[in-house]
$ cat final32.cif   # mmCIF, C-alpha atoms and all ligand atoms
data_structure
loop_
_atom_site.label_atom_id
_atom_site.label_comp_id
_atom_site.auth_asym_id
_atom_site.auth_seq_id
_atom_site.Cartn_x
_atom_site.Cartn_y
_atom_site.Cartn_z
CA MET A 1 -46.45 0.72 79.80
CA THR A 2 -43.85 -0.95 77.63
CA LEU A 3 -44.57 -0.73 73.94
CA ILE A 4 -43.18 -3.56 71.81
CA GLY A 5 -43.15 -3.79 68.03
CA ALA A 6 -41.90 -5.54 64.91
CA ARG A 7 -42.07 -4.70 61.22
CA PHE A 8 -41.81 -6.77 58.06
CA PRO A 9 -42.01 -6.48 54.28
CA GLY A 10 -45.55 -7.19 53.07
CA ARG A 11 -44.57 -10.31 51.12
CA TYR A 12 -41.30 -12.16 50.54
CA LEU A 13 -40.65 -14.56 47.67
CA GLN A 14 -37.37 -16.35 46.99
CA GLY A 15 -36.30 -19.04 44.56
CA PRO A 16 -34.07 -19.74 41.57
CA GLY A 17 -35.43 -18.37 38.28
CA ILE A 18 -38.51 -16.62 39.73
CA LEU A 19 -38.08 -13.28 37.93
CA PRO A 20 -40.87 -14.28 35.45
CA LEU A 21 -43.31 -14.05 38.42
CA LEU A 22 -42.62 -10.31 38.69
CA GLY A 23 -45.41 -9.13 36.39
CA LYS A 24 -48.12 -11.27 37.95
CA GLU A 25 -47.02 -10.24 41.46
CA ALA A 26 -46.71 -6.53 40.60
CA ALA A 27 -50.16 -6.63 38.99
CA THR A 28 -51.66 -7.22 42.46
CA PHE A 29 -50.63 -3.61 43.25
CA GLY A 30 -51.52 -1.83 40.00
CA ARG A 31 -51.73 -1.93 36.22
CA THR A 32 -48.83 0.39 35.43
CA ALA A 33 -45.33 -0.02 36.83
CA LEU A 34 -42.21 2.11 36.88
CA CYS A 35 -39.13 -0.17 36.93
CA VAL A 36 -35.95 1.46 38.23
CA VAL A 37 -33.14 -0.77 37.00
CA ASP A 38 -29.55 -0.56 38.27
CA ARG A 39 -27.36 0.87 35.50
CA GLY A 40 -24.75 -1.88 36.04
CA ILE A 41 -27.17 -4.64 35.06
CA TYR A 42 -29.63 -2.71 32.89
CA ASP A 43 -28.46 -4.09 29.56
CA ALA A 44 -28.25 -7.66 30.85
CA LEU A 45 -31.59 -7.67 32.67
CA ALA A 46 -33.92 -5.22 30.89
CA PRO A 47 -35.20 -7.75 28.30
CA ALA A 48 -36.03 -10.29 31.04
CA VAL A 49 -37.79 -7.60 33.10
CA GLU A 50 -39.85 -6.51 30.07
CA ALA A 51 -40.75 -10.13 29.33
CA ALA A 52 -41.74 -10.72 32.98
CA CYS A 53 -44.06 -7.69 32.92
CA ALA A 54 -45.58 -8.32 29.48
CA GLY A 55 -49.29 -9.07 29.61
CA ALA A 56 -49.50 -8.35 33.36
CA VAL A 57 -48.45 -4.71 33.92
CA ALA A 58 -47.60 -1.86 31.53
CA ALA A 59 -43.97 -1.25 32.48
CA THR A 60 -41.83 1.85 31.97
CA LEU A 61 -38.15 1.07 32.46
CA VAL A 62 -35.71 3.70 33.68
CA ARG A 63 -31.95 3.27 33.97
CA HIS A 64 -30.83 4.31 37.47
CA GLY A 65 -28.27 7.12 37.48
CA GLY A 66 -25.95 5.49 40.03
CA GLU A 67 -26.49 7.62 43.15
CA CYS A 68 -29.42 7.63 45.58
CA SER A 69 -29.59 11.41 45.87
CA GLU A 70 -32.37 14.01 46.13
CA SER A 71 -31.90 14.88 42.45
CA GLU A 72 -32.04 11.25 41.30
CA ILE A 73 -35.14 10.56 43.42
CA ALA A 74 -36.82 13.66 41.96
CA ARG A 75 -35.92 12.57 38.40
CA VAL A 76 -37.33 9.06 38.93
CA GLU A 77 -40.42 10.43 40.68
CA ALA A 78 -41.12 12.74 37.72
CA ILE A 79 -40.84 9.86 35.24
CA GLY A 80 -43.17 7.78 37.43
CA ARG A 81 -45.73 10.59 37.64
CA GLU A 82 -45.58 11.14 33.87
CA ALA A 83 -46.09 7.40 33.27
CA GLY A 84 -48.97 7.23 35.77
CA ALA A 85 -47.15 4.48 37.65
CA GLU A 86 -49.34 2.68 40.18
CA VAL A 87 -46.45 0.65 41.57
CA VAL A 88 -42.69 1.29 41.66
CA ILE A 89 -40.31 -1.63 41.13
CA GLY A 90 -36.62 -1.37 42.07
CA ILE A 91 -34.19 -3.88 40.55
CA GLY A 92 -30.50 -4.00 41.42
CA GLY A 93 -28.15 -3.09 44.27
CA GLY A 94 -28.69 -0.88 47.32
CA LYS A 95 -28.70 2.55 45.71
CA ALA A 96 -31.13 1.66 42.91
CA LEU A 97 -33.42 -0.08 45.43
CA ASP A 98 -33.30 2.87 47.85
CA THR A 99 -34.12 5.29 45.02
CA ALA A 100 -37.12 3.15 44.07
CA LYS A 101 -38.33 3.02 47.70
CA ALA A 102 -38.02 6.81 48.05
CA ALA A 103 -39.73 7.50 44.70
CA ALA A 104 -42.57 5.11 45.62
CA PHE A 105 -43.04 6.94 48.91
CA ARG A 106 -43.09 10.36 47.20
CA LEU A 107 -45.60 9.08 44.64
CA GLY A 108 -47.71 7.47 47.38
CA ARG A 109 -47.47 4.10 45.61
CA PRO A 110 -46.53 0.57 46.73
CA SER A 111 -42.96 -0.63 46.16
CA VAL A 112 -41.62 -3.94 44.87
CA ILE A 113 -37.95 -4.68 45.52
CA VAL A 114 -35.89 -7.11 43.42
CA PRO A 115 -32.34 -7.31 44.83
CA THR A 116 -29.70 -8.64 42.44
CA ILE A 117 -27.01 -9.03 45.13
CA ALA A 118 -27.28 -10.26 48.75
CA ALA A 119 -24.62 -7.91 50.12
CA SER A 120 -26.66 -6.32 52.92
CA ASP A 121 -29.99 -6.46 54.73
CA ALA A 122 -31.29 -3.24 53.15
CA PRO A 123 -33.84 -4.71 50.66
CA CYS A 124 -36.55 -5.52 53.25
CA SER A 125 -36.17 -2.34 55.29
CA ALA A 126 -38.27 0.84 55.43
CA LEU A 127 -35.16 2.97 55.06
CA ALA A 128 -33.09 4.58 52.33
CA VAL A 129 -29.64 6.11 52.70
CA ILE A 130 -29.61 9.40 50.80
CA TYR A 131 -26.30 10.65 49.40
CA HIS A 132 -25.18 14.02 48.12
CA ASP A 133 -24.46 14.05 44.39
CA ASP A 134 -20.73 13.93 45.26
CA GLY A 135 -21.20 10.55 46.99
CA LYS A 136 -21.09 11.66 50.66
CA VAL A 137 -23.88 10.42 52.96
CA ALA A 138 -26.53 13.11 53.49
CA TYR A 139 -29.15 11.48 55.76
CA ASP A 140 -31.26 8.39 56.45
CA PHE A 141 -34.78 8.56 55.03
CA PHE A 142 -37.28 6.51 57.08
CA PHE A 143 -40.54 5.45 55.45
CA PRO A 144 -43.82 4.68 57.23
CA ARG A 145 -43.93 1.23 55.69
CA ASN A 146 -41.64 -1.52 54.39
CA PRO A 147 -41.57 -2.65 50.76
CA ASP A 148 -44.85 -4.31 49.80
CA LEU A 149 -43.05 -7.19 48.10
CA VAL A 150 -39.44 -8.37 48.07
CA LEU A 151 -38.82 -10.82 45.23
CA VAL A 152 -35.45 -12.58 45.28
CA ASP A 153 -34.40 -14.57 42.22
CA THR A 154 -31.48 -16.59 43.59
CA ALA A 155 -30.30 -17.52 40.07
CA ILE A 156 -29.60 -13.80 39.51
CA ILE A 157 -28.00 -13.37 42.97
CA ALA A 158 -25.72 -16.37 42.22
CA ARG A 159 -24.35 -14.68 39.11
CA ALA A 160 -22.96 -11.76 41.17
CA PRO A 161 -19.40 -11.96 42.54
CA ALA A 162 -19.12 -14.13 45.69
CA ARG A 163 -17.64 -11.15 47.56
CA PHE A 164 -21.15 -9.65 47.76
CA LEU A 165 -22.47 -12.79 49.47
CA SER A 166 -19.59 -12.64 51.98
CA ALA A 167 -20.37 -9.01 52.75
CA GLY A 168 -24.03 -9.89 53.30
CA ILE A 169 -22.94 -12.56 55.76
CA GLY A 170 -20.97 -9.89 57.66
CA ASP A 171 -24.08 -7.69 57.89
CA ALA A 172 -26.19 -10.71 58.93
CA LEU A 173 -23.70 -11.71 61.60
CA ALA A 174 -24.13 -8.35 63.33
CA THR A 175 -27.90 -8.69 63.65
CA PHE A 176 -27.93 -11.06 66.64
CA TYR A 177 -25.22 -9.30 68.66
CA GLU A 178 -26.84 -5.91 68.16
CA ALA A 179 -30.40 -7.10 68.85
CA GLU A 180 -29.15 -8.92 71.95
CA ALA A 181 -27.42 -5.73 73.15
CA CYS A 182 -30.69 -3.83 72.73
CA ARG A 183 -32.65 -6.57 74.50
CA LEU A 184 -30.26 -6.50 77.47
CA SER A 185 -30.10 -2.71 77.71
CA GLY A 186 -33.78 -2.11 76.95
CA ALA A 187 -32.86 0.12 74.00
CA ASP A 188 -35.40 0.91 71.31
CA ASN A 189 -35.43 -0.81 67.92
CA CYS A 190 -35.70 1.06 64.59
CA MET A 191 -39.40 1.81 65.16
CA LYS A 192 -38.72 3.36 68.56
CA THR A 193 -40.31 0.55 70.55
CA ARG A 194 -38.83 -2.38 72.41
CA GLY A 195 -38.48 -5.41 70.16
CA ALA A 196 -41.27 -7.99 70.11
CA ALA A 197 -40.10 -11.50 71.02
CA ILE A 198 -40.07 -12.54 67.36
CA ALA A 199 -37.30 -9.99 66.67
CA TYR A 200 -34.79 -11.74 68.92
CA GLU A 201 -35.73 -15.20 67.65
CA VAL A 202 -35.29 -14.05 64.06
CA ALA A 203 -31.92 -12.48 64.96
CA ARG A 204 -30.75 -15.71 66.56
CA LEU A 205 -31.92 -17.78 63.59
CA CYS A 206 -30.13 -15.33 61.29
CA ARG A 207 -26.79 -15.80 63.07
CA ASP A 208 -27.16 -19.58 63.37
CA THR A 209 -28.09 -19.90 59.70
CA VAL A 210 -25.01 -18.06 58.46
CA LEU A 211 -22.74 -19.89 60.93
CA ASP A 212 -24.15 -23.29 59.89
CA HIS A 213 -24.38 -22.73 56.13
CA GLY A 214 -22.11 -19.77 55.32
CA VAL A 215 -19.02 -21.72 54.27
CA ALA A 216 -21.01 -24.14 52.09
CA ALA A 217 -23.02 -21.29 50.58
CA LEU A 218 -19.88 -19.42 49.59
CA ALA A 219 -18.41 -22.58 48.06
CA GLU A 220 -21.62 -23.12 46.05
CA CYS A 221 -21.54 -19.50 44.89
CA GLU A 222 -17.87 -19.63 43.89
CA ALA A 223 -18.46 -22.88 41.99
CA GLY A 224 -21.38 -21.31 40.12
CA ALA A 225 -23.61 -24.07 41.52
CA PRO A 226 -26.06 -22.47 43.98
CA GLY A 227 -27.71 -25.12 46.13
CA PRO A 228 -29.55 -25.50 49.46
CA ALA A 229 -26.88 -23.74 51.56
CA PHE A 230 -26.90 -20.78 49.18
CA GLU A 231 -30.69 -20.52 49.46
CA ARG A 232 -30.54 -20.56 53.27
CA VAL A 233 -27.83 -17.89 53.45
CA VAL A 234 -29.52 -15.56 50.93
CA GLU A 235 -32.68 -15.78 53.07
CA ALA A 236 -30.60 -15.00 56.18
CA ASN A 237 -28.75 -12.09 54.55
CA ILE A 238 -31.86 -10.43 53.11
CA LEU A 239 -34.97 -11.44 55.11
CA LEU A 240 -33.85 -12.60 58.56
CA SER A 241 -31.20 -9.91 58.93
CA GLY A 242 -33.60 -7.23 57.66
CA VAL A 243 -36.41 -8.14 60.06
CA GLY A 244 -33.88 -8.75 62.85
CA PHE A 245 -32.20 -5.38 62.67
CA GLU A 246 -35.31 -3.24 62.23
CA SER A 247 -37.34 -5.02 64.90
CA GLY A 248 -34.47 -5.96 67.24
CA GLY A 249 -32.41 -2.78 67.03
CA VAL A 250 -28.83 -1.83 66.14
CA ALA A 251 -25.85 -1.13 68.38
CA GLY A 252 -22.06 -1.42 68.57
CA ALA A 253 -21.22 -3.17 65.30
CA HIS A 254 -22.92 -0.56 63.13
CA ALA A 255 -21.65 2.27 65.37
CA ILE A 256 -18.12 1.03 64.63
CA HIS A 257 -19.05 0.82 60.94
CA HIS A 258 -20.12 4.48 60.96
CA GLY A 259 -16.85 5.35 62.70
CA LEU A 260 -14.75 3.44 60.17
CA CYS A 261 -16.46 5.33 57.33
CA GLU A 262 -14.82 8.52 58.66
CA LEU A 263 -11.53 7.22 57.25
CA ASP A 264 -10.89 7.49 53.49
CA ASP A 265 -8.90 4.23 53.74
CA VAL A 266 -12.04 2.05 53.89
CA HIS A 267 -14.01 3.44 50.94
CA HIS A 268 -13.21 0.56 48.62
CA HIS A 269 -14.70 -1.92 51.07
CA LEU A 270 -18.33 -3.01 51.22
CA HIS A 271 -20.76 -2.13 54.02
CA GLY A 272 -20.91 -5.72 55.30
CA GLU A 273 -17.12 -6.04 55.31
CA LYS A 274 -16.81 -3.02 57.60
CA VAL A 275 -19.69 -4.33 59.72
CA ALA A 276 -17.77 -7.63 60.19
CA ILE A 277 -14.92 -5.65 61.77
CA GLY A 278 -17.62 -3.91 63.82
CA VAL A 279 -18.89 -7.29 65.08
CA LEU A 280 -15.42 -8.33 66.25
CA ALA A 281 -14.92 -4.98 68.00
CA GLU A 282 -18.40 -5.27 69.54
CA LEU A 283 -17.61 -8.74 70.91
CA ILE A 284 -14.52 -7.27 72.61
CA LEU A 285 -16.61 -4.37 73.96
CA GLN A 286 -19.20 -6.84 75.27
CA SER A 287 -16.40 -8.80 77.00
CA ALA A 288 -17.50 -11.94 75.12
CA PRO A 289 -15.73 -15.15 76.16
CA GLN A 290 -12.47 -15.73 74.25
CA GLU A 291 -13.83 -18.89 72.64
CA GLU A 292 -16.88 -17.04 71.28
CA PHE A 293 -14.62 -14.32 69.88
CA ARG A 294 -12.34 -16.94 68.31
CA ARG A 295 -15.29 -18.86 66.86
CA ILE A 296 -16.64 -15.76 65.14
CA ARG A 297 -13.20 -14.59 63.96
CA ASP A 298 -12.40 -18.03 62.51
CA PHE A 299 -15.79 -18.06 60.81
CA CYS A 300 -15.08 -14.65 59.26
CA VAL A 301 -11.79 -15.96 57.90
CA ALA A 302 -13.59 -19.02 56.49
CA VAL A 303 -16.14 -16.88 54.61
CA LYS A 304 -13.47 -14.43 53.42
CA LEU A 305 -14.53 -11.54 55.64
CA PRO A 306 -11.94 -9.11 57.05
CA VAL A 307 -10.75 -9.68 60.62
CA ARG A 308 -8.05 -7.00 60.91
CA LEU A 309 -8.12 -3.27 60.26
CA ALA A 310 -5.50 -3.76 57.54
CA ASP A 311 -7.97 -6.07 55.72
CA ILE A 312 -10.29 -3.08 55.14
CA GLY A 313 -7.54 -0.75 53.99
CA ILE A 314 -6.34 0.74 57.29
CA ALA A 315 -2.70 -0.23 56.86
CA ASP A 316 -1.31 2.32 59.34
CA ALA A 317 -3.77 2.23 62.23
CA THR A 318 -2.37 5.21 64.12
CA GLU A 319 -3.74 6.29 67.49
CA GLU A 320 -5.11 9.38 65.75
CA LYS A 321 -7.11 7.30 63.26
CA LEU A 322 -8.48 5.02 65.98
CA ARG A 323 -9.65 8.08 67.92
CA ILE A 324 -11.41 9.48 64.84
CA VAL A 325 -13.29 6.18 64.46
CA ALA A 326 -14.10 5.97 68.18
CA GLU A 327 -15.25 9.58 68.42
CA ARG A 328 -17.77 9.11 65.61
CA ALA A 329 -18.89 5.74 67.04
CA CYS A 330 -19.42 7.17 70.54
CA ARG A 331 -21.14 10.45 69.67
CA PRO A 332 -23.91 11.35 72.15
CA GLY A 333 -27.17 9.67 71.12
CA GLU A 334 -25.29 7.30 68.79
CA ILE A 335 -26.37 3.65 68.58
CA MET A 336 -23.16 2.63 70.40
CA HIS A 337 -25.01 3.60 73.57
CA ASN A 338 -27.60 0.87 72.93
CA GLU A 339 -24.98 -1.51 74.33
CA ALA A 340 -25.77 -2.87 77.78
CA ALA A 341 -22.48 -1.69 79.33
CA PRO A 342 -21.49 2.00 79.31
CA MET A 343 -19.22 2.76 76.34
CA THR A 344 -16.36 5.24 76.32
CA LEU A 345 -13.90 6.53 73.75
CA ASP A 346 -11.00 4.75 75.46
CA LYS A 347 -12.82 1.41 75.51
CA VAL A 348 -13.57 1.65 71.79
CA VAL A 349 -10.00 2.67 70.94
CA ALA A 350 -8.73 -0.34 72.92
CA ALA A 351 -11.13 -2.69 71.09
CA LEU A 352 -9.96 -1.34 67.74
CA ARG A 353 -6.32 -1.63 68.78
CA ALA A 354 -6.90 -5.34 69.42
CA LEU A 355 -7.87 -5.68 65.74
CA ILE A 356 -4.67 -4.16 64.29
ZN ZN B 1 -25.93 -3.11 57.92
#

$ encode --input "final32.cif" --output "structure tokens" --more "lines below"
Ligand SMILES: [Zn+2]
Amino acid sequence: MTLIGARFPGRYLQGPGILPLLGKEAATFGRTALCVVDRGIYDALAPAVEAACAGAVAATLVRHGGECSESEIARVEAIGREAGAEVVIGIGGGKALDTAKAAAFRLGRPSVIVPTIAASDAPCSALAVIYHDDGKVAYDFFFPRNPDLVLVDTAIIARAPARFLSAGIGDALATFYEAEACRLSGADNCMKTRGAAIAYEVARLCRDTVLDHGVAALAECEAGAPGPAFERVVEANILLSGVGFESGGVAGAHAIHHGLCELDDVHHHLHGEKVAIGVLAELILQSAPQEEFRRIRDFCVAVKLPVRLADIGIADATEEKLRIVAERACRPGEIMHNEAAPMTLDKVVAALRALI
């Protein structure tokens, strides 16, 4: 018997200026809400969040501490318990959202996610990356269910630096190539089943959307004039990529990302920027036709994503560094082995060398 599966956020809403809907939407889950607000945008956004909740849910706002760690989750959970929160709302970037998801799970309450950047596909997922208090990754925390609502106000997303949108495009670009690798190899997706057909269609739509609209979306964002292309790409970065990776599965591009994170050189670069390098390496590892590789590399240049190791801070790509990356990427049981062809250390080092 082959078991197939797919998972989704409960509801997804996107549009410019829709933050005022938050209270009415959150009220469908409970009467009291704990709002975990990213510290970077707390002062700018807290009044609008309070206004959105007024008359619909009794909201307690908490300023996120900055790290998604065990201690921060416990702190937020305690505030939520004290406030009798019936729903937990996360507002901000990845770490604030992950903390809200984890606190909601611990409290046994629904979660509402309001991303303020479109830099990765994390908002829709049933996963949080937990860090030690010193900023090193501790472990991945998988939840039994996805966020109950993801509400994306594209007017807020458009106010963030365009670099975040580029990074999200890098993460979204990986979704198809990784899902396709899993489909070909028969590897499991993130729910330990084979992907349902919808997963691969969503992954394909995700890639095609960013390829078709990415350049225009970035131009709209940089001009401070978000339009139709921007809307399409935000949907691809957050919803399509999120559903595509969880239901389709992950493989070489993210394995390379994990490997790159072993080097201190890359720490000032965003997740999606490192994943873009992972996609190019994965295309080499998949022996993609030259024209496909060139098409994707040229696209990355056009949307200001890195295409060389030096672009993500690895100025002196020594053999030793490449081996450190490859060793982490190829660890036994690692997602690199979801690729259809067998992967070895030497193959990965050679792919990385081609990106110097
Ligand atoms: Zn990713």

$ closest_atom_pairs --input "final32.cif" --of "chain A" --to "ligand ZN 1 (chain B)" --cutoff "8 Å" --atoms "only C-alpha atoms and all ligand atoms" --output "Markdown table"
| residue | atom | partner | partner_atom | distance |
| --- | --- | --- | --- | --- |
| A:Ser120 | CA | B:ZN1 | ZN | 6.0 |
| A:Asp121 | CA | B:ZN1 | ZN | 6.2 |
| A:Ala122 | CA | B:ZN1 | ZN | 7.2 |
| A:Asp171 | CA | B:ZN1 | ZN | 4.9 |
| A:Ala172 | CA | B:ZN1 | ZN | 7.7 |
| A:Ala174 | CA | B:ZN1 | ZN | 7.7 |
| A:His254 | CA | B:ZN1 | ZN | 6.5 |
| A:His271 | CA | B:ZN1 | ZN | 6.5 |
| A:Gly272 | CA | B:ZN1 | ZN | 6.2 |
| A:Val275 | CA | B:ZN1 | ZN | 6.6 |

$ closest_residue --input "final32.cif" --among "A:Leu240, A:Val301, A:Leu218, A:Ile335" --to "A:Ser166" --atoms "all atoms listed in the file"
A:Leu218

$ residues_around --input "final32.cif" --residues "stretch 318-321 of chain A" --least-positions-apart "3" --cutoff "10 Å" --atoms "all atoms listed in the file" --output "list of chain:residue names"
A:Gly259, A:Leu260, A:Glu262, A:Leu263, A:Ile314, A:Ala315, A:Ile324, A:Val325, A:Ala326, A:Glu327, A:Val349, A:Ala350, A:Leu352, A:Arg353, A:Ile356

$ closest_residue --input "final32.cif" --among "A:Thr116, A:Ser69, A:Ser125, A:Thr32" --to "A:Ile156" --atoms "all atoms listed in the file"
A:Thr116

$ closest_residue --input "final32.cif" --among "A:Ala251, A:Val87, A:Ala119, A:Leu127" --to "A:Ala104" --atoms "only C-alpha atoms"
A:Val87

$ closest_residue --input "final32.cif" --among "A:Ala160, A:Ile296, A:Val210, A:Cys330" --to "A:Glu235" --atoms "all atoms listed in the file"
A:Val210

$ residues_around --input "final32.cif" --residues "A:Met336" --least-positions-apart "3" --cutoff "8 Å" --atoms "only C-alpha atoms" --output "number ranges by chain"
A: 251-256, 329-330, 339, 343

$ atom_distance --input "final32.cif" --atom1 "atom CA of A:Val202" --atom2 "atom CA of A:Thr175"
9.1 Å

$ atom_distance --input "final32.cif" --atom1 "atom CA of A:Asp133" --atom2 "atom CA of A:Val36"
18.1 Å

$ closest_residue --input "final32.cif" --among "A:Gly30, A:Pro20, A:Gly40, A:Pro110" --to "A:Val57" --atoms "all atoms listed in the file"
A:Gly30

$ axis_aligned_box --input "final32.cif" --around "stretch 344-347 of chain A" --padding-each-side "3 Å" --output "AutoDock Vina command-line options"
--center_x -13.7 --center_y 4.0 --center_z 75.0 --size_x 11.4 --size_y 11.1 --size_z 8.6

$ atom_distance --input "final32.cif" --atom1 "atom CA of A:Asp188" --atom2 "atom CA of A:Phe176"
14.9 Å

$ closest_residue --input "final32.cif" --among "A:Leu345, A:Leu173, A:Val243, A:Ala223" --to "A:Tyr200" --atoms "only C-alpha atoms"
A:Val243

$ residues_near_point --input "final32.cif" --point "(-24.0, -21.9, 60.7)" --cutoff "12 Å" --atoms "only C-alpha atoms" --output "count of residues only"
28

$ build_atoms --input "final32.cif" --residues "stretch 305-313 of chain A" --atoms "all heavy atoms" --output "PDB file, in the coordinates of the input"
ATOM      1  N   LEU A 305     -14.239 -12.871  55.102  1.00  0.00           N
ATOM      2  CA  LEU A 305     -14.530 -11.540  55.640  1.00  0.00           C
ATOM      3  C   LEU A 305     -13.280 -11.009  56.341  1.00  0.00           C
ATOM      4  O   LEU A 305     -12.477 -11.799  56.851  1.00  0.00           O
ATOM      5  CB  LEU A 305     -15.694 -11.606  56.636  1.00  0.00           C
ATOM      6  CG  LEU A 305     -17.084 -11.672  56.031  1.00  0.00           C
ATOM      7  CD1 LEU A 305     -18.129 -12.015  57.088  1.00  0.00           C
ATOM      8  CD2 LEU A 305     -17.440 -10.346  55.339  1.00  0.00           C
ATOM      9  N   PRO A 306     -13.107  -9.688  56.377  1.00  0.00           N
ATOM     10  CA  PRO A 306     -11.940  -9.110  57.050  1.00  0.00           C
ATOM     11  C   PRO A 306     -11.978  -9.349  58.560  1.00  0.00           C
ATOM     12  O   PRO A 306     -13.062  -9.388  59.156  1.00  0.00           O
ATOM     13  CB  PRO A 306     -12.054  -7.617  56.742  1.00  0.00           C
ATOM     14  CG  PRO A 306     -13.482  -7.403  56.408  1.00  0.00           C
ATOM     15  CD  PRO A 306     -13.980  -8.672  55.784  1.00  0.00           C
ATOM     16  N   VAL A 307     -10.816  -9.525  59.166  1.00  0.00           N
ATOM     17  CA  VAL A 307     -10.750  -9.680  60.620  1.00  0.00           C
ATOM     18  C   VAL A 307      -9.746  -8.700  61.249  1.00  0.00           C
ATOM     19  O   VAL A 307      -9.671  -8.606  62.477  1.00  0.00           O
ATOM     20  CB  VAL A 307     -10.368 -11.130  61.034  1.00  0.00           C
ATOM     21  CG1 VAL A 307     -11.494 -12.098  60.673  1.00  0.00           C
ATOM     22  CG2 VAL A 307      -9.062 -11.570  60.402  1.00  0.00           C
ATOM     23  N   ARG A 308      -9.005  -7.998  60.408  1.00  0.00           N
ATOM     24  CA  ARG A 308      -8.050  -7.000  60.910  1.00  0.00           C
ATOM     25  C   ARG A 308      -8.295  -5.683  60.196  1.00  0.00           C
ATOM     26  O   ARG A 308      -8.796  -5.666  59.069  1.00  0.00           O
ATOM     27  CB  ARG A 308      -6.611  -7.447  60.643  1.00  0.00           C
ATOM     28  CG  ARG A 308      -6.276  -8.786  61.248  1.00  0.00           C
ATOM     29  CD  ARG A 308      -4.834  -8.819  61.780  1.00  0.00           C
ATOM     30  NE  ARG A 308      -4.661  -9.952  62.657  1.00  0.00           N
ATOM     31  CZ  ARG A 308      -4.884  -9.950  63.974  1.00  0.00           C
ATOM     32  NH1 ARG A 308      -5.272  -8.836  64.563  1.00  0.00           N
ATOM     33  NH2 ARG A 308      -4.720 -11.020  64.695  1.00  0.00           N
ATOM     34  N   LEU A 309      -7.908  -4.587  60.861  1.00  0.00           N
ATOM     35  CA  LEU A 309      -8.120  -3.270  60.260  1.00  0.00           C
ATOM     36  C   LEU A 309      -7.404  -3.166  58.915  1.00  0.00           C
ATOM     37  O   LEU A 309      -7.914  -2.545  57.979  1.00  0.00           O
ATOM     38  CB  LEU A 309      -7.627  -2.168  61.212  1.00  0.00           C
ATOM     39  CG  LEU A 309      -8.406  -2.069  62.533  1.00  0.00           C
ATOM     40  CD1 LEU A 309      -7.826  -0.968  63.413  1.00  0.00           C
ATOM     41  CD2 LEU A 309      -9.889  -1.809  62.281  1.00  0.00           C
ATOM     42  N   ALA A 310      -6.236  -3.803  58.808  1.00  0.00           N
ATOM     43  CA  ALA A 310      -5.500  -3.760  57.540  1.00  0.00           C
ATOM     44  C   ALA A 310      -6.299  -4.408  56.408  1.00  0.00           C
ATOM     45  O   ALA A 310      -6.156  -4.018  55.242  1.00  0.00           O
ATOM     46  CB  ALA A 310      -4.149  -4.467  57.700  1.00  0.00           C
ATOM     47  N   ASP A 311      -7.160  -5.377  56.750  1.00  0.00           N
ATOM     48  CA  ASP A 311      -7.970  -6.070  55.720  1.00  0.00           C
ATOM     49  C   ASP A 311      -9.004  -5.144  55.079  1.00  0.00           C
ATOM     50  O   ASP A 311      -9.544  -5.461  54.020  1.00  0.00           O
ATOM     51  CB  ASP A 311      -8.703  -7.275  56.326  1.00  0.00           C
ATOM     52  CG  ASP A 311      -7.748  -8.312  56.912  1.00  0.00           C
ATOM     53  OD1 ASP A 311      -6.571  -8.323  56.506  1.00  0.00           O
ATOM     54  OD2 ASP A 311      -8.199  -9.108  57.765  1.00  0.00           O
ATOM     55  N   ILE A 312      -9.337  -4.033  55.762  1.00  0.00           N
ATOM     56  CA  ILE A 312     -10.290  -3.080  55.140  1.00  0.00           C
ATOM     57  C   ILE A 312      -9.577  -1.786  54.758  1.00  0.00           C
ATOM     58  O   ILE A 312     -10.197  -0.721  54.669  1.00  0.00           O
ATOM     59  CB  ILE A 312     -11.518  -2.795  56.042  1.00  0.00           C
ATOM     60  CG1 ILE A 312     -11.097  -2.356  57.450  1.00  0.00           C
ATOM     61  CG2 ILE A 312     -12.448  -3.995  56.104  1.00  0.00           C
ATOM     62  CD1 ILE A 312     -12.245  -1.721  58.245  1.00  0.00           C
ATOM     63  N   GLY A 313      -8.280  -1.887  54.546  1.00  0.00           N
ATOM     64  CA  GLY A 313      -7.540  -0.750  53.990  1.00  0.00           C
ATOM     65  C   GLY A 313      -6.851   0.153  54.978  1.00  0.00           C
ATOM     66  O   GLY A 313      -6.186   1.110  54.590  1.00  0.00           O
TER      67      GLY A 313
END
